[in-house]
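Okay, so here's the structure we're looking at.
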Amino acid sequence: SQFNPLLIAFYSGLASMVGDMIMFPFDTIGTRIKAHKSEFLGMKQGYDLIVKNEGFKYLFKGFSTTIMGNYVLIMLRLIYSLWFIFFSL
């Protein structure tokens with residue numbers, strides 16, 4: 001069976017975005033715990049304090065930058081795939 005490099009590039013980029021969307025709040029909480037060790041005891045307490053004091057959407061603050069990075073990676077993968085298709089003939 002023959003694979004389609006364009007679909008592989010697209011779906012790998014999509015999977016990367018979904019993974020980042022799931023993990024980004026945990027990364028935000030972990031960063032806050034490291035920066036303020038005296039205030040947070042763990043992930044649950046970190047989550048509760050951030051949501052209580054700053055709101056749920058703070059957990060995704062800066063996420064647009066991550067998505068733009070994924071967009072650039074998707075474009076690079078697509079360019080590489082097109083290069084592979086056209087120059088491997």
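Just remember, in the structure tokens the first chain shown is A, the second B, etc., residues are 1-based per chain, and ligands are 1-based in the order shown.
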
(Q) as a PyMOL selection string, please: the residues near A:Phe10 (cut-off 9 Å, only C-alpha atoms, same-chain neighbours under 4 positions excluded). (A) chain A and resi 5-6+14-15+74-75+77-78

Q | All alpha helix (DSSP H) residues (DSSP, backbone) inside chain A, as a PyMOL selection string | A | chain A and resi 5-35+43-54+63-87

(Q) One decimal, in Å: what's the spacing between atom CA of A:Met23 and atom CA of A:Ile50? (A) 16.0 Å

Q. Which is closest to A:Leu59 among A:Phe87, A:Phe24, A:Tyr11, A:Phe3, if we use only C-alpha atoms?
A.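 Smallest distance to A:Leu59 is found for A:Phe24.
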
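Of the listed residues (A:Thr28, A:Ser38, A:Asn4, A:Ser16), A:Thr28 comes nearest to A:Phe63; the distances count only C-alpha atoms.
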
Q.
Which residues are near stretch 64-70 of chain A? Cut-off 8 Å, only C-alpha atoms, ignore same chain within fewer than 3 positions. Put them as a PyMOL selection string.
A. chain A and resi 13+16-17+20+61+73-74

With all heavy atoms retained, could you export that selection as an mmCIF file, in the first residue's frame?
data_model
loop_
_atom_site.group_PDB
_atom_site.id
_atom_site.type_symbol
_atom_site.label_atom_id
_atom_site.label_comp_id
_atom_site.auth_asym_id
_atom_site.auth_seq_id
_atom_site.Cartn_x
_atom_site.Cartn_y
_atom_site.Cartn_z
ATOM 1 N N GLY A 13 0.507 17.010 12.221
ATOM 2 C CA GLY A 13 0.342 18.352 12.763
ATOM 3 C C GLY A 13 -0.910 18.482 13.607
ATOM 4 O O GLY A 13 -0.908 19.103 14.671
ATOM 5 N N SER A 16 -0.371 16.831 16.899
ATOM 6 C CA SER A 16 0.468 17.674 17.736
ATOM 7 C C SER A 16 -0.357 18.780 18.393
ATOM 8 O O SER A 16 -0.180 19.085 19.580
ATOM 9 C CB SER A 16 1.595 18.274 16.893
ATOM 10 O OG SER A 16 2.396 19.119 17.659
ATOM 11 N N MET A 17 -1.268 19.383 17.638
ATOM 12 C CA MET A 17 -2.133 20.436 18.198
ATOM 13 C C MET A 17 -3.039 19.887 19.298
ATOM 14 O O MET A 17 -3.215 20.521 20.342
ATOM 15 C CB MET A 17 -2.980 21.058 17.107
ATOM 16 C CG MET A 17 -2.256 22.025 16.246
ATOM 17 S SD MET A 17 -3.439 22.825 15.145
ATOM 18 C CE MET A 17 -2.346 23.466 13.920
ATOM 19 N N ASP A 20 -1.000 19.231 22.396
ATOM 20 C CA ASP A 20 -0.680 20.486 23.080
ATOM 21 C C ASP A 20 -1.900 21.053 23.805
ATOM 22 O O ASP A 20 -1.778 21.593 24.900
ATOM 23 C CB ASP A 20 -0.138 21.524 22.095
ATOM 24 C CG ASP A 20 1.306 21.278 21.725
ATOM 25 O OD1 ASP A 20 1.999 20.574 22.484
ATOM 26 O OD2 ASP A 20 1.744 21.791 20.674
ATOM 27 N N LYS A 61 -3.423 30.678 28.756
ATOM 28 C CA LYS A 61 -2.756 31.921 28.385
ATOM 29 C C LYS A 61 -1.437 31.581 27.688
ATOM 30 O O LYS A 61 -0.615 30.831 28.206
ATOM 31 C CB LYS A 61 -2.480 32.768 29.626
ATOM 32 C CG LYS A 61 -1.926 34.129 29.318
ATOM 33 C CD LYS A 61 -1.781 34.957 30.578
ATOM 34 C CE LYS A 61 -1.276 36.328 30.206
ATOM 35 N NZ LYS A 61 -1.151 37.167 31.404
ATOM 36 N N LEU A 73 5.152 24.306 11.874
ATOM 37 C CA LEU A 73 5.631 22.931 11.681
ATOM 38 C C LEU A 73 4.806 22.188 10.635
ATOM 39 O O LEU A 73 5.352 21.429 9.830
ATOM 40 C CB LEU A 73 5.616 22.171 13.005
ATOM 41 C CG LEU A 73 6.678 22.579 14.001
ATOM 42 C CD1 LEU A 73 6.481 21.827 15.314
ATOM 43 C CD2 LEU A 73 8.069 22.320 13.446
ATOM 44 N N ILE A 74 3.495 22.404 10.642
ATOM 45 C CA ILE A 74 2.650 21.761 9.632
ATOM 46 C C ILE A 74 3.050 22.240 8.238
ATOM 47 O O ILE A 74 3.179 21.448 7.301
ATOM 48 C CB ILE A 74 1.159 22.047 9.895
ATOM 49 C CG1 ILE A 74 0.693 21.297 11.128
ATOM 50 C CG2 ILE A 74 0.313 21.648 8.695
ATOM 51 C CD1 ILE A 74 -0.704 21.671 11.574
#

Q: For each of A:Met43, A:Tyr71, A:Lys52, A:Ser12, take the minimum atom-to-atom distance to A:Pro25, counting only C-alpha atoms, then give the residue where this is smallest.
A: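 Comparing A:Met43, A:Tyr71, A:Lys52, A:Ser12 against A:Pro25, the winner is A:Met43.
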